[in-house]
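Structure file structure_21.cif with mmCIF, C-alpha atoms:
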```cif
data_protein
loop_
_atom_site.label_atom_id
_atom_site.label_comp_id
_atom_site.auth_asym_id
_atom_site.auth_seq_id
_atom_site.Cartn_x
_atom_site.Cartn_y
_atom_site.Cartn_z
CA MET A 175 -29.33 1.18 6.52
CA ALA A 176 -28.24 2.01 10.02
CA THR A 177 -26.56 5.27 10.90
CA HIS A 178 -23.81 5.64 13.46
CA LYS A 179 -23.17 8.22 16.12
CA ILE A 180 -19.51 9.15 16.02
CA THR A 181 -17.27 11.44 18.06
CA LEU A 182 -13.98 12.65 16.71
CA THR A 183 -11.53 15.47 17.31
CA VAL A 184 -11.24 17.95 14.47
CA ASN A 185 -8.46 20.54 14.74
CA GLY A 186 -8.39 20.06 18.49
CA ALA A 187 -12.14 20.33 19.15
CA ALA A 188 -14.47 17.39 19.88
CA ARG A 189 -17.20 17.01 17.25
CA ASP A 190 -20.21 14.69 17.15
CA ALA A 191 -22.06 13.53 14.09
CA GLN A 192 -24.71 11.05 13.08
CA VAL A 193 -23.43 9.46 9.90
CA GLU A 194 -24.55 6.99 7.28
CA SER A 195 -22.15 4.02 6.92
CA ARG A 196 -21.21 5.07 3.40
CA LEU A 197 -20.43 8.73 4.19
CA LEU A 198 -16.85 9.57 3.28
CA LEU A 199 -14.64 11.51 5.67
CA VAL A 200 -14.14 14.29 3.11
CA HIS A 201 -17.91 14.79 2.86
CA LEU A 202 -18.28 14.85 6.65
CA LEU A 203 -15.62 17.56 6.85
CA ARG A 204 -16.89 19.67 3.97
CA GLU A 205 -20.64 19.26 4.21
CA SER A 206 -21.42 18.53 7.86
CA PHE A 207 -18.67 20.60 9.45
CA ARG A 208 -18.39 23.17 6.63
CA LEU A 209 -14.61 22.82 6.59
CA THR A 210 -14.29 23.39 2.86
CA GLY A 211 -10.55 23.94 2.89
CA THR A 212 -10.16 20.21 2.23
CA HIS A 213 -10.73 19.82 -1.50
CA ILE A 214 -12.19 17.02 -3.56
CA GLY A 215 -10.04 16.58 -6.65
CA CYS A 216 -10.00 13.30 -8.53
CA ASP A 217 -12.20 11.46 -6.00
CA THR A 218 -10.33 8.25 -6.97
CA THR A 219 -7.40 8.10 -4.49
CA HIS A 220 -4.89 9.59 -6.93
CA CYS A 221 -4.51 13.31 -6.53
CA GLY A 222 -4.20 14.01 -2.79
CA ALA A 223 -6.20 17.28 -2.82
CA CYS A 224 -8.32 15.80 0.00
CA THR A 225 -5.34 14.98 2.24
CA VAL A 226 -5.96 15.41 5.97
CA LEU A 227 -4.06 14.11 8.98
CA LEU A 228 -5.67 11.13 10.71
CA ASP A 229 -3.96 10.54 14.06
CA GLY A 230 -1.07 12.58 12.65
CA GLN A 231 -0.66 10.58 9.42
CA PRO A 232 -1.55 12.10 6.05
CA VAL A 233 -4.34 10.14 4.33
CA LYS A 234 -6.70 10.70 1.41
CA SER A 235 -10.02 11.58 3.02
CA CYS A 236 -11.97 10.56 -0.10
CA THR A 237 -10.89 6.99 0.68
CA VAL A 238 -11.78 6.83 4.38
CA LEU A 239 -15.28 6.33 5.76
CA ALA A 240 -16.38 8.96 8.24
CA VAL A 241 -17.31 6.17 10.65
CA GLN A 242 -13.71 4.91 10.52
CA ALA A 243 -12.63 8.21 12.06
CA ASP A 244 -14.77 7.59 15.16
CA GLY A 245 -12.66 8.25 18.27
CA ARG A 246 -9.73 9.53 16.24
CA GLU A 247 -8.05 12.84 15.64
CA VAL A 248 -8.39 14.70 12.34
CA GLU A 249 -6.43 17.78 11.33
CA THR A 250 -7.35 19.87 8.31
CA VAL A 251 -5.85 22.94 6.67
CA GLU A 252 -8.17 25.14 8.78
CA GLY A 253 -6.22 24.04 11.86
CA LEU A 254 -2.84 25.32 10.66
CA GLU A 255 -3.26 29.05 11.24
CA HIS A 256 -3.15 30.25 14.86
CA ASP A 257 -4.26 33.68 16.11
CA GLY A 258 -4.15 35.12 12.61
CA LYS A 259 -0.59 33.91 12.13
CA LEU A 260 0.23 31.51 9.31
CA HIS A 261 1.85 28.17 10.09
CA PRO A 262 5.50 28.10 8.88
CA VAL A 263 4.49 25.73 6.09
CA GLN A 264 1.80 28.17 4.91
CA GLU A 265 4.29 31.01 5.18
CA GLY A 266 6.75 28.98 3.07
CA PHE A 267 4.18 28.47 0.30
CA TRP A 268 3.47 32.23 0.39
CA GLU A 269 7.11 33.31 0.38
CA LYS A 270 8.34 30.79 -2.22
CA HIS A 271 5.29 30.88 -4.51
CA GLY A 272 4.51 27.23 -3.78
CA LEU A 273 1.13 27.54 -5.47
CA GLN A 274 -0.57 28.97 -8.50
CA CYS A 275 -4.21 27.91 -8.74
CA GLY A 276 -4.17 26.66 -5.15
CA PHE A 277 -6.36 23.62 -5.62
CA CYS A 278 -3.77 21.08 -4.45
CA THR A 279 -2.43 23.38 -1.75
CA PRO A 280 -4.45 22.21 1.30
CA GLY A 281 -3.32 18.64 0.65
CA MET A 282 0.27 19.71 -0.02
CA LEU A 283 0.30 21.66 3.24
CA MET A 284 -0.99 18.75 5.32
CA THR A 285 1.46 16.26 3.79
CA SER A 286 4.31 18.73 4.31
CA CYS A 287 3.34 19.27 7.95
CA ALA A 288 3.41 15.52 8.58
CA LEU A 289 6.82 15.24 6.91
CA LEU A 290 8.28 18.08 8.98
CA ALA A 291 6.85 16.62 12.18
CA ARG A 292 9.05 13.54 11.72
CA THR A 293 11.98 14.95 9.69
CA LYS A 294 13.62 18.17 10.84
CA GLU A 295 16.11 18.39 7.97
CA PRO A 296 14.53 16.76 4.93
CA SER A 297 16.54 16.47 1.72
CA ASP A 298 14.87 17.62 -1.49
CA GLN A 299 14.48 13.93 -2.33
CA ASP A 300 12.71 13.29 1.02
CA ILE A 301 10.25 16.05 0.14
CA ARG A 302 9.72 14.72 -3.39
CA GLU A 303 8.95 11.26 -2.02
CA ALA A 304 6.68 12.59 0.73
CA ILE A 305 4.53 14.57 -1.72
CA SER A 306 4.56 11.91 -4.45
CA GLY A 307 0.89 11.17 -3.68
CA ASN A 308 -0.09 14.85 -4.06
CA LEU A 309 -0.46 16.06 -7.63
CA CYS A 310 0.11 19.69 -8.65
CA ARG A 311 -0.59 20.63 -12.26
CA CYS A 312 0.66 24.23 -12.04
CA THR A 313 3.97 24.67 -10.30
CA GLY A 314 6.15 21.85 -11.57
CA TYR A 315 6.86 21.19 -7.88
CA VAL A 316 10.13 23.16 -7.76
CA ASN A 317 8.65 26.01 -5.74
CA ILE A 318 6.77 23.59 -3.51
CA ILE A 319 10.05 21.93 -2.55
CA GLN A 320 11.56 25.35 -1.81
CA ALA A 321 8.50 26.23 0.26
CA VAL A 322 8.85 23.11 2.37
CA GLN A 323 12.58 23.77 2.84
CA TYR A 324 11.71 27.32 3.93
CA ALA A 325 9.28 25.91 6.49
CA ALA A 326 11.81 23.32 7.68
CA ALA A 327 14.38 26.05 8.31
CA LYS A 328 11.80 28.20 10.07
CA LEU A 329 10.71 25.32 12.31
CA ARG A 330 14.34 24.54 13.21
CA GLU A 331 14.75 28.11 14.47
CA ARG A 332 11.98 27.58 17.02
CA MET B 298 -18.65 9.54 -5.87
CA ILE B 299 -20.69 7.92 -3.17
CA PRO B 300 -20.82 4.16 -2.64
CA ALA B 301 -24.17 2.35 -2.67
CA GLY B 302 -25.56 1.87 0.82
CA PHE B 303 -24.19 -0.80 3.15
CA ASP B 304 -24.14 -1.56 6.84
CA TYR B 305 -20.89 -1.05 8.70
CA HIS B 306 -19.71 -3.27 11.53
CA ALA B 307 -16.67 -2.67 13.72
CA PRO B 308 -16.12 -5.82 15.76
CA SER B 309 -13.55 -5.70 18.55
CA THR B 310 -12.50 -9.36 18.38
CA LEU B 311 -11.56 -11.75 15.60
CA SER B 312 -14.25 -14.28 16.56
CA GLU B 313 -16.90 -11.57 16.45
CA ALA B 314 -15.66 -10.55 12.97
CA VAL B 315 -15.77 -14.15 11.72
CA ALA B 316 -19.29 -14.56 13.16
CA LEU B 317 -20.43 -11.47 11.21
CA LEU B 318 -18.88 -12.82 8.00
CA SER B 319 -20.56 -16.20 8.56
CA ARG B 320 -23.91 -14.54 9.16
CA TYR B 321 -23.83 -12.34 6.06
CA GLY B 322 -21.95 -14.69 3.69
CA GLU B 323 -21.29 -13.37 0.19
CA GLY B 324 -22.95 -10.04 1.01
CA ALA B 325 -20.17 -9.13 3.42
CA LYS B 326 -16.69 -7.82 2.69
CA VAL B 327 -13.73 -7.40 5.02
CA LEU B 328 -12.58 -3.77 5.31
CA SER B 329 -8.88 -3.60 6.16
CA GLY B 330 -7.10 -0.44 4.97
CA GLY B 331 -9.86 0.22 2.45
CA GLN B 332 -7.52 1.61 -0.20
CA SER B 333 -8.68 -0.87 -2.84
CA LEU B 334 -12.14 -1.72 -1.50
CA LEU B 335 -13.47 1.82 -1.05
CA PRO B 336 -12.50 2.95 -4.58
CA LEU B 337 -14.22 -0.18 -5.96
CA LEU B 338 -17.38 0.59 -3.98
CA LYS B 339 -17.28 4.27 -4.98
CA LEU B 340 -16.90 3.40 -8.67
CA ARG B 341 -19.64 0.79 -8.11
CA LEU B 342 -17.45 -1.87 -9.69
CA GLY B 343 -17.88 -3.78 -6.45
CA HIS B 344 -20.83 -4.24 -4.14
CA ALA B 345 -21.24 -5.09 -0.47
CA GLU B 346 -24.25 -5.14 1.82
CA HIS B 347 -22.08 -5.33 4.91
CA LEU B 348 -18.57 -4.10 5.59
CA VAL B 349 -16.78 -5.78 8.47
CA ASP B 350 -14.01 -3.41 9.57
CA ILE B 351 -11.14 -5.35 11.15
CA GLY B 352 -9.37 -2.10 12.05
CA ARG B 353 -10.64 -2.09 15.64
CA ILE B 354 -9.41 -5.60 16.42
CA PRO B 355 -6.23 -5.44 18.50
CA GLY B 356 -3.23 -7.66 17.81
CA LEU B 357 -3.27 -7.83 14.01
CA GLU B 358 -0.44 -5.35 13.38
CA TYR B 359 3.08 -6.68 13.96
CA ILE B 360 6.34 -7.61 12.24
CA LYS B 361 8.52 -10.15 14.04
CA GLU B 362 10.91 -13.03 13.46
CA GLU B 363 9.97 -16.08 15.46
CA GLY B 364 10.69 -19.81 15.11
CA GLY B 365 12.60 -19.38 11.85
CA MET B 366 9.77 -17.38 10.30
CA LEU B 367 9.06 -13.75 9.60
CA ARG B 368 5.51 -13.11 10.79
CA ILE B 369 3.59 -10.12 9.51
CA GLY B 370 0.18 -9.37 11.00
CA GLY B 371 -2.49 -9.20 8.32
CA ARG B 372 -3.49 -5.65 9.23
CA THR B 373 0.06 -4.31 9.32
CA ARG B 374 0.11 -1.06 7.43
CA GLU B 375 2.39 -0.72 4.42
CA SER B 376 3.97 2.37 5.97
CA THR B 377 4.90 0.32 9.06
CA LEU B 378 6.50 -2.33 6.85
CA GLU B 379 8.32 0.39 4.91
CA GLN B 380 9.83 1.90 8.07
CA SER B 381 10.78 -1.43 9.68
CA GLU B 382 14.52 -1.77 10.24
CA LEU B 383 14.14 -5.56 10.37
CA ILE B 384 12.60 -5.54 6.89
CA ARG B 385 15.17 -3.12 5.51
CA SER B 386 18.13 -5.15 6.77
CA ARG B 387 16.92 -8.76 6.47
CA TYR B 388 14.25 -8.69 3.73
CA PRO B 389 15.35 -6.13 1.12
CA ILE B 390 12.94 -7.63 -1.44
CA LEU B 391 10.04 -6.64 0.84
CA HIS B 392 11.48 -3.17 1.33
CA ASP B 393 11.81 -2.77 -2.46
CA THR B 394 8.21 -3.91 -2.85
CA VAL B 395 6.51 -1.77 -0.25
CA ARG B 396 8.20 1.40 -1.48
CA VAL B 397 6.53 1.11 -4.89
CA ILE B 398 3.02 0.31 -3.68
CA ALA B 399 0.69 3.18 -4.58
CA ASP B 400 1.96 6.36 -2.87
CA PRO B 401 2.97 7.32 0.71
CA LEU B 402 -0.50 8.57 1.64
CA VAL B 403 -2.16 5.36 0.51
CA ARG B 404 0.53 3.34 2.32
CA ASN B 405 -0.45 5.04 5.58
CA LEU B 406 -3.76 3.13 5.45
CA ALA B 407 -3.23 0.20 3.06
CA THR B 408 -2.36 -3.13 4.66
CA VAL B 409 -0.16 -6.07 3.69
CA GLY B 410 -2.99 -8.57 4.20
CA GLY B 411 -5.34 -6.47 2.12
CA ASN B 412 -2.83 -6.28 -0.74
CA LEU B 413 -2.85 -10.10 -0.90
CA ALA B 414 -6.51 -10.80 -0.09
CA HIS B 415 -7.70 -8.41 -2.80
CA GLY B 416 -6.37 -10.85 -5.41
CA ASP B 417 -5.47 -8.15 -7.90
CA PRO B 418 -2.69 -9.35 -10.26
CA GLY B 419 -1.53 -5.72 -10.45
CA ASN B 420 -0.73 -5.60 -6.73
CA ASP B 421 2.91 -5.80 -5.77
CA HIS B 422 3.11 -8.07 -2.71
CA PRO B 423 1.79 -11.21 -4.43
CA ALA B 424 4.82 -11.78 -6.70
CA THR B 425 7.19 -11.06 -3.83
CA MET B 426 5.38 -13.50 -1.54
CA LEU B 427 5.50 -16.15 -4.30
CA ALA B 428 9.25 -15.61 -4.69
CA LEU B 429 9.71 -15.86 -0.91
CA GLY B 430 7.62 -19.03 -0.58
CA ALA B 431 5.29 -17.42 1.96
CA GLN B 432 2.29 -18.91 3.73
CA VAL B 433 -0.96 -17.17 4.52
CA VAL B 434 -2.86 -17.78 7.77
CA ALA B 435 -6.65 -17.60 7.49
CA VAL B 436 -9.06 -17.67 10.41
CA GLY B 437 -12.63 -18.85 9.89
CA PRO B 438 -15.49 -20.34 11.91
CA THR B 439 -13.71 -23.69 12.32
CA GLY B 440 -10.42 -22.13 13.37
CA GLU B 441 -7.14 -21.42 11.65
CA ARG B 442 -5.69 -22.87 8.47
CA ILE B 443 -2.45 -22.28 6.66
CA ILE B 444 -2.52 -21.74 2.90
CA PRO B 445 0.72 -22.03 0.91
CA ILE B 446 1.00 -18.92 -1.26
CA ASP B 447 1.24 -21.13 -4.37
CA GLN B 448 -2.36 -22.21 -3.73
CA PHE B 449 -3.66 -18.76 -2.77
CA PHE B 450 -4.22 -16.85 -6.03
CA LEU B 451 -6.94 -18.64 -7.99
CA GLY B 452 -7.94 -16.05 -10.60
CA LEU B 453 -8.64 -12.41 -11.24
CA PHE B 454 -9.68 -10.95 -7.83
CA THR B 455 -10.18 -14.50 -6.58
CA THR B 456 -8.19 -16.10 -3.78
CA ALA B 457 -8.44 -19.29 -1.72
CA LEU B 458 -10.03 -17.31 1.13
CA GLN B 459 -13.63 -18.30 1.89
CA PRO B 460 -16.21 -15.51 2.38
CA ASP B 461 -16.13 -16.16 6.15
CA GLU B 462 -12.33 -16.22 6.48
CA ILE B 463 -9.96 -13.41 7.47
CA LEU B 464 -6.31 -13.26 6.50
CA THR B 465 -4.59 -12.77 9.87
CA GLU B 466 -0.90 -13.39 9.21
CA ILE B 467 1.72 -13.83 6.51
CA ARG B 468 4.61 -16.20 7.30
CA ILE B 469 7.85 -16.08 5.38
CA PRO B 470 10.69 -18.57 5.95
CA ALA B 471 13.69 -16.68 7.36
CA PRO B 472 16.35 -16.62 4.64
CA PRO B 473 19.43 -18.80 5.19
CA PRO B 474 22.90 -17.18 4.95
CA ARG B 475 23.96 -16.06 1.46
CA SER B 476 20.39 -15.17 0.48
CA GLY B 477 19.20 -12.06 -1.28
CA GLY B 478 16.15 -10.74 -3.05
CA ALA B 479 14.91 -7.83 -5.11
CA TYR B 480 11.70 -6.44 -6.57
CA VAL B 481 11.93 -4.34 -9.71
CA LYS B 482 8.87 -2.55 -11.08
CA LEU B 483 8.19 -0.51 -14.21
CA GLU B 484 5.44 2.06 -13.62
CA ARG B 485 4.32 4.99 -15.73
CA LYS B 486 4.13 7.27 -12.70
CA VAL B 487 4.19 7.06 -8.91
CA GLY B 488 1.16 5.17 -7.70
CA ASP B 489 0.44 3.36 -10.95
CA TYR B 490 -0.01 -0.36 -11.23
CA ALA B 491 2.98 -2.14 -12.71
CA THR B 492 3.32 -2.27 -16.48
CA ALA B 493 5.29 -5.30 -15.36
CA ALA B 494 7.42 -6.15 -12.35
CA ALA B 495 9.64 -9.01 -11.21
CA ALA B 496 10.40 -10.46 -7.79
CA ALA B 497 13.46 -12.64 -7.25
CA GLN B 498 14.76 -14.34 -4.11
CA VAL B 499 17.87 -16.52 -4.28
CA THR B 500 20.13 -18.50 -1.96
CA LEU B 501 23.70 -19.26 -2.99
CA GLY B 502 25.43 -22.51 -2.08
CA ALA B 503 28.98 -22.67 -0.74
CA ASN B 504 30.36 -23.33 -4.22
CA GLY B 505 28.65 -20.30 -5.73
CA VAL B 506 25.81 -22.13 -7.45
CA LEU B 507 22.17 -21.25 -6.90
CA ASP B 508 20.68 -23.49 -4.19
CA ARG B 509 17.21 -21.97 -4.21
CA VAL B 510 15.50 -19.53 -6.57
CA GLY B 511 12.10 -17.89 -6.31
CA LEU B 512 10.99 -15.86 -9.33
CA ALA B 513 7.56 -14.34 -9.93
CA LEU B 514 6.02 -11.64 -12.13
CA THR B 515 3.41 -8.94 -11.49
CA ASN B 516 0.56 -7.89 -13.82
CA VAL B 517 1.38 -10.09 -16.79
CA GLY B 518 -1.51 -12.55 -16.37
CA PRO B 519 -4.85 -13.00 -14.58
CA THR B 520 -2.95 -13.91 -11.41
CA PRO B 521 0.58 -13.17 -10.24
CA VAL B 522 2.77 -15.71 -12.00
CA ARG B 523 5.41 -17.88 -10.38
CA SER B 524 7.99 -18.80 -13.02
CA ARG B 525 8.67 -22.39 -12.01
CA ASP B 526 10.43 -23.47 -15.18
CA ALA B 527 12.80 -20.53 -14.92
CA GLU B 528 13.47 -21.34 -11.26
CA ASP B 529 14.23 -24.97 -12.13
CA ALA B 530 16.52 -23.86 -14.96
CA LEU B 531 18.54 -21.73 -12.53
CA VAL B 532 18.93 -24.07 -9.55
CA GLY B 533 22.29 -25.82 -9.47
CA LYS B 534 23.88 -23.33 -11.88
CA ARG B 535 26.28 -20.46 -11.40
CA PRO B 536 24.33 -17.21 -11.92
CA SER B 537 26.15 -16.05 -15.07
CA ASP B 538 24.68 -13.34 -17.28
CA ALA B 539 23.85 -15.93 -19.95
CA VAL B 540 22.07 -18.27 -17.53
CA ILE B 541 20.05 -15.42 -16.03
CA ALA B 542 19.13 -14.02 -19.46
CA GLU B 543 17.92 -17.42 -20.63
CA ALA B 544 15.80 -18.00 -17.51
CA ALA B 545 14.30 -14.51 -17.69
CA ARG B 546 13.39 -15.05 -21.32
CA GLY B 547 11.63 -18.29 -20.42
CA ALA B 548 9.71 -16.59 -17.60
CA ALA B 549 8.59 -13.72 -19.84
CA ASP B 550 7.63 -16.02 -22.73
CA ALA B 551 5.44 -18.07 -20.39
CA SER B 552 3.57 -14.99 -19.13
CA THR B 553 0.14 -14.07 -20.49
CA PRO B 554 -0.26 -10.28 -20.34
CA THR B 555 -3.27 -8.52 -21.83
CA PRO B 556 -2.85 -5.43 -24.00
CA ASP B 557 -4.06 -2.17 -22.48
CA ARG B 558 -2.97 1.45 -22.12
CA ARG B 559 0.21 0.28 -20.38
CA GLY B 560 1.34 -1.53 -23.51
CA SER B 561 0.97 -4.36 -25.99
CA VAL B 562 1.55 -8.03 -25.20
CA GLU B 563 4.95 -7.89 -26.91
CA TYR B 564 6.01 -4.80 -24.97
CA LYS B 565 4.90 -6.21 -21.62
CA ARG B 566 6.71 -9.51 -22.25
CA ALA B 567 9.84 -7.61 -23.26
CA MET B 568 9.65 -5.52 -20.09
CA ALA B 569 8.98 -8.58 -17.92
CA ARG B 570 12.12 -10.17 -19.35
CA VAL B 571 14.30 -7.12 -18.68
CA LEU B 572 12.87 -6.68 -15.18
CA ALA B 573 13.40 -10.38 -14.38
CA VAL B 574 17.04 -10.05 -15.41
CA ARG B 575 17.48 -7.00 -13.20
CA ALA B 576 15.72 -8.56 -10.22
CA LEU B 577 17.75 -11.77 -10.48
CA LYS B 578 21.06 -9.91 -10.81
CA GLN B 579 20.26 -7.65 -7.88
CA ALA B 580 19.16 -10.64 -5.79
CA VAL B 581 22.42 -12.49 -6.54
CA GLN B 582 24.43 -9.39 -5.69
CA ARG B 583 22.60 -8.98 -2.38
CA ALA B 584 23.20 -12.66 -1.64
CA GLY B 585 26.91 -11.93 -1.84
CA GLY B 586 27.51 -13.18 -5.37
CA GLN B 587 28.91 -10.88 -8.05
#
```

Please go through the file and, once you have read it, give me the structure as structure tokens.
Amino acid sequence: MATHKITLTVNGAARDAQVESRLLLVHLLRESFRLTGTHIGCDTTHCGACTVLLDGQPVKSCTVLAVQADGREVETVEGLEHDGKLHPVQEGFWEKHGLQCGFCTPGMLMTSCALLARTKEPSDQDIREAISGNLCRCTGYVNIIQAVQYAAAKLRER
Amino acid sequence: MIPAGFDYHAPSTLSEAVALLSRYGEGAKVLSGGQSLLPLLKLRLGHAEHLVDIGRIPGLEYIKEEGGMLRIGGRTRESTLEQSELIRSRYPILHDTVRVIADPLVRNLATVGGNLAHGDPGNDHPATMLALGAQVVAVGPTGERIIPIDQFFLGLFTTALQPDEILTEIRIPAPPPRSGGAYVKLERKVGDYATAAAAAQVTLGANGVLDRVGLALTNVGPTPVRSRDAEDALVGKRPSDAVIAEAARGAADASTPTPDRRGSVEYKRAMARVLAVRALKQAVQRAGGQ
């Protein structure tokens, strides 16, 4: 089976890799690039723990081939913090207790970032719909919605 | 889970893609959004020696009305369809449908053509396309052919597409005035396949009777089911509660669901009936009836 040389942008930096056709994007990120913030949860396109942004859109990286990301831009949870300062969405999850065990959190953060990039003033319903492909078994979602609203308010102040 | 090994091809033109499919025959699969195909390969329920990714071919993503038809490019993403103002305002049945397909993250990659070409009776677009009387455009080595949607779904995961054909476009007749449609789905949770769902598209005549009716059901048989007898029973009648209830009962009785964790045969038929009633009533209301 042939391998492919791919070049993609990960959190703003160009990265090269030689990949097997069947390698999944989540494995490229975690195992080749050691970006283990992106979690593997159900591994069956249900839970959203592996959510990353692909050209700005949240997708489940367990259901994308690494080779499909050739020439494209990937953002992971590692790219949110800048100069030791949390992204407003991360700050929201901290302030509003938007997590307990934290397993779903990287995916929740990426989906929330994508929502807030296109919707400055989301309703609670907008947030519920946006994260409906990200499962959390701890929080009951209430604090997650408050966390995203916190981040939305913070981003509007900028 | 890791899929079994395969070779990946990313052609940049349609003819190159068709040539690859012709060369590899049954061993090749078309990769569109990958949201059904990749899980199948990972679970090793499906097998492919070659994946032909049509995602690098320009010109397959569009939504436009032209020549009395709505034309949707085969690789149009569900999220694009969902956000389309044209779809929201002119084709509410399609807007209803796309919003209940999987979840928003999956819809960012999943495609309309893929949803049809996969041939899964649990998918949501098939019933809606049956109700709308759509056509599917397939491109193969000898050129393009048009397949009426009624002849497209042959069996479980089996469609009229040949191994060397690619679904490039979906054509839907633009609805005449006083038309309306709706898709109503029962799901256990967001992202689940339908326990049952109903698609209805109607056109009202000047005197308030039903001129045209399309009615189809999701996930209550080995293929999506068009309810022809129920359609025939409705055409020419005023859409009263009694007439709709009778037609919906006929449609549900004719369905052939299988029992599984989503419910028994009796339960699924009962739900199909209720959902057909709701879809028909909503369609009539959107068409400007009561």

Margin query: Set the cut-off to 9 Å and count all atoms listed in the file: what are the residues of chain A that reach chain B? Output as number ranges by chain.
Written below: A: 175-178, 194-198, 217-220, 222, 225, 231-234, 236-239, 241-242, 285, 303-308

Save out the residues we just selected, C-alpha atoms, as a PDB file, in the coordinates of the input.
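So the final result, stored in result-v6.pdb, reads:
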```
ATOM      1  CA  MET A 175     -29.330   1.180   6.520  1.00  0.00           C
ATOM      2  CA  ALA A 176     -28.240   2.010  10.020  1.00  0.00           C
ATOM      3  CA  THR A 177     -26.560   5.270  10.900  1.00  0.00           C
ATOM      4  CA  HIS A 178     -23.810   5.640  13.460  1.00  0.00           C
ATOM      5  CA  GLU A 194     -24.550   6.990   7.280  1.00  0.00           C
ATOM      6  CA  SER A 195     -22.150   4.020   6.920  1.00  0.00           C
ATOM      7  CA  ARG A 196     -21.210   5.070   3.400  1.00  0.00           C
ATOM      8  CA  LEU A 197     -20.430   8.730   4.190  1.00  0.00           C
ATOM      9  CA  LEU A 198     -16.850   9.570   3.280  1.00  0.00           C
ATOM     10  CA  ASP A 217     -12.200  11.460  -6.000  1.00  0.00           C
ATOM     11  CA  THR A 218     -10.330   8.250  -6.970  1.00  0.00           C
ATOM     12  CA  THR A 219      -7.400   8.100  -4.490  1.00  0.00           C
ATOM     13  CA  HIS A 220      -4.890   9.590  -6.930  1.00  0.00           C
ATOM     14  CA  GLY A 222      -4.200  14.010  -2.790  1.00  0.00           C
ATOM     15  CA  THR A 225      -5.340  14.980   2.240  1.00  0.00           C
ATOM     16  CA  GLN A 231      -0.660  10.580   9.420  1.00  0.00           C
ATOM     17  CA  PRO A 232      -1.550  12.100   6.050  1.00  0.00           C
ATOM     18  CA  VAL A 233      -4.340  10.140   4.330  1.00  0.00           C
ATOM     19  CA  LYS A 234      -6.700  10.700   1.410  1.00  0.00           C
ATOM     20  CA  CYS A 236     -11.970  10.560  -0.100  1.00  0.00           C
ATOM     21  CA  THR A 237     -10.890   6.990   0.680  1.00  0.00           C
ATOM     22  CA  VAL A 238     -11.780   6.830   4.380  1.00  0.00           C
ATOM     23  CA  LEU A 239     -15.280   6.330   5.760  1.00  0.00           C
ATOM     24  CA  VAL A 241     -17.310   6.170  10.650  1.00  0.00           C
ATOM     25  CA  GLN A 242     -13.710   4.910  10.520  1.00  0.00           C
ATOM     26  CA  THR A 285       1.460  16.260   3.790  1.00  0.00           C
ATOM     27  CA  GLU A 303       8.950  11.260  -2.020  1.00  0.00           C
ATOM     28  CA  ALA A 304       6.680  12.590   0.730  1.00  0.00           C
ATOM     29  CA  ILE A 305       4.530  14.570  -1.720  1.00  0.00           C
ATOM     30  CA  SER A 306       4.560  11.910  -4.450  1.00  0.00           C
ATOM     31  CA  GLY A 307       0.890  11.170  -3.680  1.00  0.00           C
ATOM     32  CA  ASN A 308      -0.090  14.850  -4.060  1.00  0.00           C
TER      33      ASN A 308
END
```

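Excluding Arg559 in chain B itself and any same-chain residue fewer than 2 positions from it, the protein and nucleic acid residues within 9 Å of it, counting all atoms listed in the file, are Glu484, Arg485, Ala491, Thr492, Pro556, Asp557, Ser561, Tyr564 and Lys565 of chain B.
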
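Between Gln274 in chain A and the residues A:Arg330, A:Lys179, A:Arg311, A:His201, the shortest atom-to-atom distance, using only C-alpha atoms, involves A:Arg311.
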
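Proximity ranking of A:Gly245, A:Pro280, A:Lys259, A:Gly230 relative to Gly211 in chain A places A:Pro280 first, based on all atoms listed in the file.
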
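Matched in the shown structure by the PyMOL selection byres ((chain B and resi 578-584) around 7): Arg475, Ser476, Gly477, Gly478, Ala479, Ala497, Gln498, Val499, Thr500, Leu501, Val574, Arg575, Ala576, Leu577, Gly585, Gly586 and Gln587 of chain B.
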
Note to self: What's around Ala325 in chain A at 8 Å? Count only C-alpha atoms, leave out sequence neighbours fewer than 3 positions away in its own chain, and write the answer as a ChimeraX atom specification.
What the structure shows: /A:262-266,321-322,328-329

Residue selection dump (C-alpha atoms) as a CSV table (one decimal), keeping the file's coordinate frame:
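Now in out07.csv:
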```
chain,number,residue,atom,x,y,z
A,262,PRO,CA,5.5,28.1,8.9
A,263,VAL,CA,4.5,25.7,6.1
A,264,GLN,CA,1.8,28.2,4.9
A,265,GLU,CA,4.3,31.0,5.2
A,266,GLY,CA,6.8,29.0,3.1
A,321,ALA,CA,8.5,26.2,0.3
A,322,VAL,CA,8.8,23.1,2.4
A,328,LYS,CA,11.8,28.2,10.1
A,329,LEU,CA,10.7,25.3,12.3
```

Next item on the list: Excluding Ile463 in chain B and residues on its chain fewer than 6 positions from it, collect all residues at most 9 Å away from it, counting only C-alpha atoms, and give them as number ranges by chain.
Entry: B: 311, 314-315, 318, 327, 351, 371, 414, 434-437

Checklist line | For Val251 in chain A: contacts at 8 Å, all atoms listed in the file, fewer than 6 positions along chain excluded, given as a ChimeraX atom specification | finding: /A:211-212,226,280-281,283-284

Check: Any chance you could work out the residue set of the PyMOL selection byres ((chain A and resi 186-190) around 9) here, as a ChimeraX atom specification?
Finding: /A:179-185,191-192,207,247-249,253

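Proximity ranking of A:Thr293, A:Asp244, A:Gly276, A:Cys310 relative to Gln323 in chain A places A:Thr293 first, based on all atoms listed in the file.
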
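In this model, the gap between CA of Gly452 in chain B and CA of Pro418 in chain B comes to 8.5 Å.
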